[in-house]
Amino acid sequence: MKKTHTAWAVAGAAALLLAGTPTAYAEPGQAPYIGWASSVSEDLGTLQIPISSDSDITGIKARIILDATQSEVAVVEGDALALFSGTAQDGIWRTREPLKLDVLGSYSVQVEATDADGDHARGSGSLAYFVAAQIEDVRTDRTKIDVDHRDVKVQGVLKGRWPGTRELKPLAGLPVDIDVRSRAEATPTTDAKGRFSATVQLNEAAEVRPVYRHSPDHPEVLFGEGPATRVEVKQTPTRWTTIRTSAAGVDLGRPVTVTARLERKTAKGWEPFAGQHGATLFTYGPGEQGEWLGEFTTAADGTVTASVSPYNSGRFVLTNRAEDEDPFTASVSGESKEVEVRHPAAFSRFGATRTEAGTVRVEGALEFASNTPGTTTVLVQFSRDGRRWSDVTTTEADWQHAFSVDVAKNGPGWFRARFVAPKGYQAATTAAVQITG
């Protein structure tokens, strides 16, 4: 029962320390108001008492009672207390020196105060007379881990600040948790000089921190923690090589295939990286939705293939998702050269006739099944025998893709028109039309 009582007392004292110092208030003509007396959080042996009144405080007496025995062990009054902050009518009084008590533990405090008007009041509080743990000289043997070096050695010194003297001394034989992501992964015990050392294995980037946690086995020492050390991961580099497509361009509706190899850097150099998972996309221009081509697993030689029948020009993008499965391996994306997709074009009509002026009028129109070019250029050609062709002129079709042009040609022959296909379009040629005279 004694240990349980002590543990609850420590928990209550810690809660009061975290709550901070209450402010005392008093109304005119009334007795002094005494706030909760407590230990100073960073100096546990020092008692502080907030008091306010409508006139100056002239007398303070604090009785210190050991909770474990309910016996009075000390009385603090007179010059032992001094105004620390505020005024004599509304301030905080502290002991000039830390209290020197024989026993570590929780104490109740009974306070009496008198003001210049002769008004008298009583108050209460508690004193957390414990050793405050501190962890110093924390160091690790590395701040980066890699696939072959995952162990991190953590060292430090556990010390305690004694409440009666403020003396900082090593704490021997106490457990210190080595926390990784706020969970204890190792718990070394301090030696005679308070030193501790332990090794933890990390499988990802994390913060490592030594922590002393209050325990019923050592109720006299309160919680303390050292600084956290961030340990990063040094990843094994990867790269995509030999990203090749089966064709630099395809007609709309035709498939194209990409083949690529994934490699990783080892002590021997770059080697094929087998068994890695990832995904392949075919991306179009900015703002356009790409095509998901599915997930892959690299073959024994590190290769992967994927196929698509794209609706527009674009690129294959391959990404291995190494970090999802192994934080020690870097993810990397590879991109193919652009694959041109050629959209179909055809002449819907074409003709050539001799005009009264003796010229030949060549006219016609084109149609496009999907995309349409910004400019439609038509090349008119002529042949005397229908086999050997020479360029006559070029003309641009109108917004309806129709065109008409007069050319000066005497005598019989053959005419035809060709669509001068820009990037992303298939060429088209009309049938030859004969002019007899």
# chains A, B, ... in the order shown; residues from 1 in each chain; ligands from 1
>>> residues_around(residues="Gly364 in chain A", least_positions_apart="3", cutoff="12 Å", atoms="only C-alpha atoms", output="VMD selection string")
chain A and resid 346 to 353 361 367 378 to 380 395 to 398 400 to 405 415 to 419 429 to 431 433
>>> closest_atom_pairs(of="range 150-173 of chain A", to="range 91-104 of chain A", cutoff="9 Å", atoms="only C-alpha atoms", output="tab-separated table")
residue	atom	partner	partner_atom	distance
A:Pro163	CA	A:Pro98	CA	6.8
A:Gly164	CA	A:Lys100	CA	4.7
A:Thr165	CA	A:Pro98	CA	6.7
A:Arg166	CA	A:Pro98	CA	7.8
>>> write_last_selection(atoms="C-alpha atoms", output="CSV table (one decimal), in the first residue's frame")
chain,number,residue,atom,x,y,z
A,163,PRO,CA,15.8,19.4,-4.1
A,164,GLY,CA,17.5,20.5,-0.9
A,165,THR,CA,20.9,21.5,-2.4
A,166,ARG,CA,20.2,21.9,-6.1
>>> residues_around(residues="range 324-333 of chain A", least_positions_apart="5", cutoff="8 Å", atoms="only C-alpha atoms", output="PyMOL selection string")
chain A and resi 146-147+203-204+233-240+317-319
>>> residues_around(residues="Arg195 in chain A", least_positions_apart="3", cutoff="9 Å", atoms="only C-alpha atoms", output="JSON, numbers by chain")
{"A": [155, 156, 157, 158, 159, 170, 171, 172, 189, 190, 191, 192]}
>>> write_last_selection(atoms="C-alpha atoms", output="tab-separated table (two decimals), in the first residue's frame")
chain	number	residue	atom	x	y	z
A	155	GLN	CA	24.85	7.00	-25.08
A	156	GLY	CA	24.31	9.54	-22.35
A	157	VAL	CA	24.44	10.32	-18.64
A	158	LEU	CA	21.48	10.26	-16.25
A	159	LYS	CA	21.75	12.81	-13.46
A	170	PRO	CA	24.83	10.98	-11.40
A	171	LEU	CA	22.04	8.47	-10.82
A	172	ALA	CA	23.33	4.90	-10.69
A	189	THR	CA	20.77	0.48	-16.70
A	190	THR	CA	23.05	3.31	-15.63
A	191	ASP	CA	26.47	2.54	-14.16
A	192	ALA	CA	28.04	4.07	-11.06
>>> closest_residue(among="A:Val40, A:Ala421, A:Ala88, A:Val152", to="Ala128 in chain A", atoms="only C-alpha atoms")
A:Val40
>>> closest_atom_pairs(of="range 79-108 of chain A", to="range 63-66 of chain A", cutoff="8 Å", atoms="only C-alpha atoms", output="tab-separated table")
residue	atom	partner	partner_atom	distance
A:Gly105	CA	A:Leu66	CA	7.6
A:Ser106	CA	A:Leu66	CA	6.5
A:Tyr107	CA	A:Leu66	CA	4.6
A:Ser108	CA	A:Ile65	CA	5.1
>>> select_by_dssp(residues="range 283-359 of chain A", states="alpha helix (DSSP H)", output="list in words")
Ala322, Glu323, Asp324 and Glu325 of chain A
>>> write_last_selection(atoms="C-alpha atoms", output="PDB file, in the first residue's frame")
ATOM      1  CA  ALA A 322      10.560   1.053 -53.696  1.00  0.00           C
ATOM      2  CA  GLU A 323       9.972   3.277 -50.672  1.00  0.00           C
ATOM      3  CA  ASP A 324       6.541   1.720 -50.097  1.00  0.00           C
ATOM      4  CA  GLU A 325       8.206  -1.628 -49.440  1.00  0.00           C
TER       5      GLU A 325
END
>>> closest_residue(among="A:Arg384, A:Lys423, A:His120, A:Arg209", to="Ile57 in chain A", atoms="only C-alpha atoms")
A:His120
>>> atom_distance(atom1="CA of Phe130 in chain A", atom2="CA of Asp90 in chain A")
28.9 Å
>>> residues_around(residues="Ile145 in chain A", least_positions_apart="3", cutoff="8 Å", atoms="only C-alpha atoms", output="ChimeraX atom specification")
/A:142,148-152,202,231-234
>>> residues_around(residues="Ala228 in chain A", least_positions_apart="5", cutoff="12 Å", atoms="only C-alpha atoms", output="list in words")
Ile135, Glu136, Asp137, Val138, Arg139, Thr140, Thr143, Val154, Gly156, Ile178, Asp179, Val180, Arg181, Ser182, Ala206, Glu207, Val208, Arg209, Pro210 and Val211 of chain A
>>> write_last_selection(atoms="N, CA, C and O atoms", output="PDB file, in the first residue's frame")
ATOM      1  N   ILE A 135      18.898  14.218 -18.333  1.00  0.00           N
ATOM      2  CA  ILE A 135      19.744  13.379 -19.178  1.00  0.00           C
ATOM      3  C   ILE A 135      20.634  14.298 -20.006  1.00  0.00           C
ATOM      4  O   ILE A 135      20.150  15.157 -20.747  1.00  0.00           O
ATOM      5  N   GLU A 136      21.936  14.104 -19.864  1.00  0.00           N
ATOM      6  CA  GLU A 136      22.914  14.975 -20.512  1.00  0.00           C
ATOM      7  C   GLU A 136      23.869  14.169 -21.378  1.00  0.00           C
ATOM      8  O   GLU A 136      23.886  12.942 -21.350  1.00  0.00           O
ATOM      9  N   ASP A 137      24.688  14.920 -22.129  1.00  0.00           N
ATOM     10  CA  ASP A 137      25.752  14.334 -22.957  1.00  0.00           C
ATOM     11  C   ASP A 137      25.229  13.225 -23.866  1.00  0.00           C
ATOM     12  O   ASP A 137      25.858  12.184 -24.042  1.00  0.00           O
ATOM     13  N   VAL A 138      24.053  13.452 -24.444  1.00  0.00           N
ATOM     14  CA  VAL A 138      23.453  12.446 -25.331  1.00  0.00           C
ATOM     15  C   VAL A 138      24.141  12.486 -26.691  1.00  0.00           C
ATOM     16  O   VAL A 138      24.326  13.556 -27.278  1.00  0.00           O
ATOM     17  N   ARG A 139      24.499  11.336 -27.192  1.00  0.00           N
ATOM     18  CA  ARG A 139      25.139  11.242 -28.514  1.00  0.00           C
ATOM     19  C   ARG A 139      24.821   9.896 -29.136  1.00  0.00           C
ATOM     20  O   ARG A 139      24.533   8.917 -28.444  1.00  0.00           O
ATOM     21  N   THR A 140      24.855   9.876 -30.454  1.00  0.00           N
ATOM     22  CA  THR A 140      24.660   8.640 -31.220  1.00  0.00           C
ATOM     23  C   THR A 140      25.869   8.428 -32.124  1.00  0.00           C
ATOM     24  O   THR A 140      26.561   9.386 -32.477  1.00  0.00           O
ATOM     25  N   THR A 143      23.990   9.404 -37.584  1.00  0.00           N
ATOM     26  CA  THR A 143      22.737  10.109 -37.819  1.00  0.00           C
ATOM     27  C   THR A 143      22.106   9.704 -39.147  1.00  0.00           C
ATOM     28  O   THR A 143      21.075  10.252 -39.527  1.00  0.00           O
ATOM     29  N   VAL A 154      23.245   4.562 -28.789  1.00  0.00           N
ATOM     30  CA  VAL A 154      22.850   5.779 -28.070  1.00  0.00           C
ATOM     31  C   VAL A 154      23.529   5.769 -26.708  1.00  0.00           C
ATOM     32  O   VAL A 154      23.462   4.773 -25.976  1.00  0.00           O
ATOM     33  N   GLY A 156      24.601   8.328 -23.084  1.00  0.00           N
ATOM     34  CA  GLY A 156      24.306   9.543 -22.347  1.00  0.00           C
ATOM     35  C   GLY A 156      24.576   9.344 -20.867  1.00  0.00           C
ATOM     36  O   GLY A 156      25.080   8.305 -20.434  1.00  0.00           O
ATOM     37  N   ILE A 178      15.355   3.847 -24.276  1.00  0.00           N
ATOM     38  CA  ILE A 178      15.742   4.444 -25.559  1.00  0.00           C
ATOM     39  C   ILE A 178      14.504   4.393 -26.443  1.00  0.00           C
ATOM     40  O   ILE A 178      14.121   3.328 -26.931  1.00  0.00           O
ATOM     41  N   ASP A 179      13.866   5.542 -26.609  1.00  0.00           N
ATOM     42  CA  ASP A 179      12.607   5.603 -27.346  1.00  0.00           C
ATOM     43  C   ASP A 179      12.842   5.811 -28.833  1.00  0.00           C
ATOM     44  O   ASP A 179      13.662   6.634 -29.238  1.00  0.00           O
ATOM     45  N   VAL A 180      12.095   5.064 -29.621  1.00  0.00           N
ATOM     46  CA  VAL A 180      12.019   5.268 -31.067  1.00  0.00           C
ATOM     47  C   VAL A 180      10.543   5.447 -31.389  1.00  0.00           C
ATOM     48  O   VAL A 180       9.731   4.566 -31.102  1.00  0.00           O
ATOM     49  N   ARG A 181      10.192   6.619 -31.921  1.00  0.00           N
ATOM     50  CA  ARG A 181       8.790   6.960 -32.165  1.00  0.00           C
ATOM     51  C   ARG A 181       7.969   6.803 -30.884  1.00  0.00           C
ATOM     52  O   ARG A 181       6.882   6.225 -30.889  1.00  0.00           O
ATOM     53  N   SER A 182       8.531   7.323 -29.770  1.00  0.00           N
ATOM     54  CA  SER A 182       7.862   7.358 -28.455  1.00  0.00           C
ATOM     55  C   SER A 182       7.599   5.975 -27.875  1.00  0.00           C
ATOM     56  O   SER A 182       6.746   5.811 -26.994  1.00  0.00           O
ATOM     57  N   ALA A 206      13.763   8.005 -38.184  1.00  0.00           N
ATOM     58  CA  ALA A 206      13.042   8.154 -36.922  1.00  0.00           C
ATOM     59  C   ALA A 206      13.829   9.039 -35.977  1.00  0.00           C
ATOM     60  O   ALA A 206      15.017   9.296 -36.182  1.00  0.00           O
ATOM     61  N   GLU A 207      13.140   9.517 -34.926  1.00  0.00           N
ATOM     62  CA  GLU A 207      13.799  10.228 -33.845  1.00  0.00           C
ATOM     63  C   GLU A 207      14.103   9.240 -32.721  1.00  0.00           C
ATOM     64  O   GLU A 207      13.268   8.403 -32.371  1.00  0.00           O
ATOM     65  N   VAL A 208      15.300   9.358 -32.173  1.00  0.00           N
ATOM     66  CA  VAL A 208      15.734   8.508 -31.062  1.00  0.00           C
ATOM     67  C   VAL A 208      15.936   9.417 -29.857  1.00  0.00           C
ATOM     68  O   VAL A 208      16.611  10.444 -29.950  1.00  0.00           O
ATOM     69  N   ARG A 209      15.347   9.025 -28.715  1.00  0.00           N
ATOM     70  CA  ARG A 209      15.427   9.876 -27.531  1.00  0.00           C
ATOM     71  C   ARG A 209      15.555   9.010 -26.273  1.00  0.00           C
ATOM     72  O   ARG A 209      14.773   8.061 -26.081  1.00  0.00           O
ATOM     73  N   PRO A 210      16.518   9.345 -25.387  1.00  0.00           N
ATOM     74  CA  PRO A 210      16.589   8.653 -24.099  1.00  0.00           C
ATOM     75  C   PRO A 210      15.601   9.270 -23.111  1.00  0.00           C
ATOM     76  O   PRO A 210      15.481  10.490 -23.024  1.00  0.00           O
ATOM     77  N   VAL A 211      14.893   8.413 -22.369  1.00  0.00           N
ATOM     78  CA  VAL A 211      13.858   8.878 -21.447  1.00  0.00           C
ATOM     79  C   VAL A 211      13.975   8.109 -20.127  1.00  0.00           C
ATOM     80  O   VAL A 211      14.071   6.874 -20.124  1.00  0.00           O
TER      81      VAL A 211
END
>>> closest_residue(among="A:Asn371, A:Val308, A:Ala274, A:Gly287", to="Ser246 in chain A", atoms="only C-alpha atoms")
A:Val308
>>> select_by_dssp(residues="range 253-429 of chain A", states="strand (DSSP E)", output="ChimeraX atom specification")
/A:256-266,269-272,277-283,291-297,303-308,315-320,332-335,340-342,345-354,360-368,377-383,390-396,402-407,413-419,428-429
>>> atom_distance(atom1="CA of Ser85 in chain A", atom2="CA of Ser124 in chain A")
19.7 Å
>>> residues_around(residues="Arg261 in chain A", least_positions_apart="2", cutoff="7 Å", atoms="only C-alpha atoms", output="VMD selection string")
chain A and resid 240 to 243 263 302 to 304
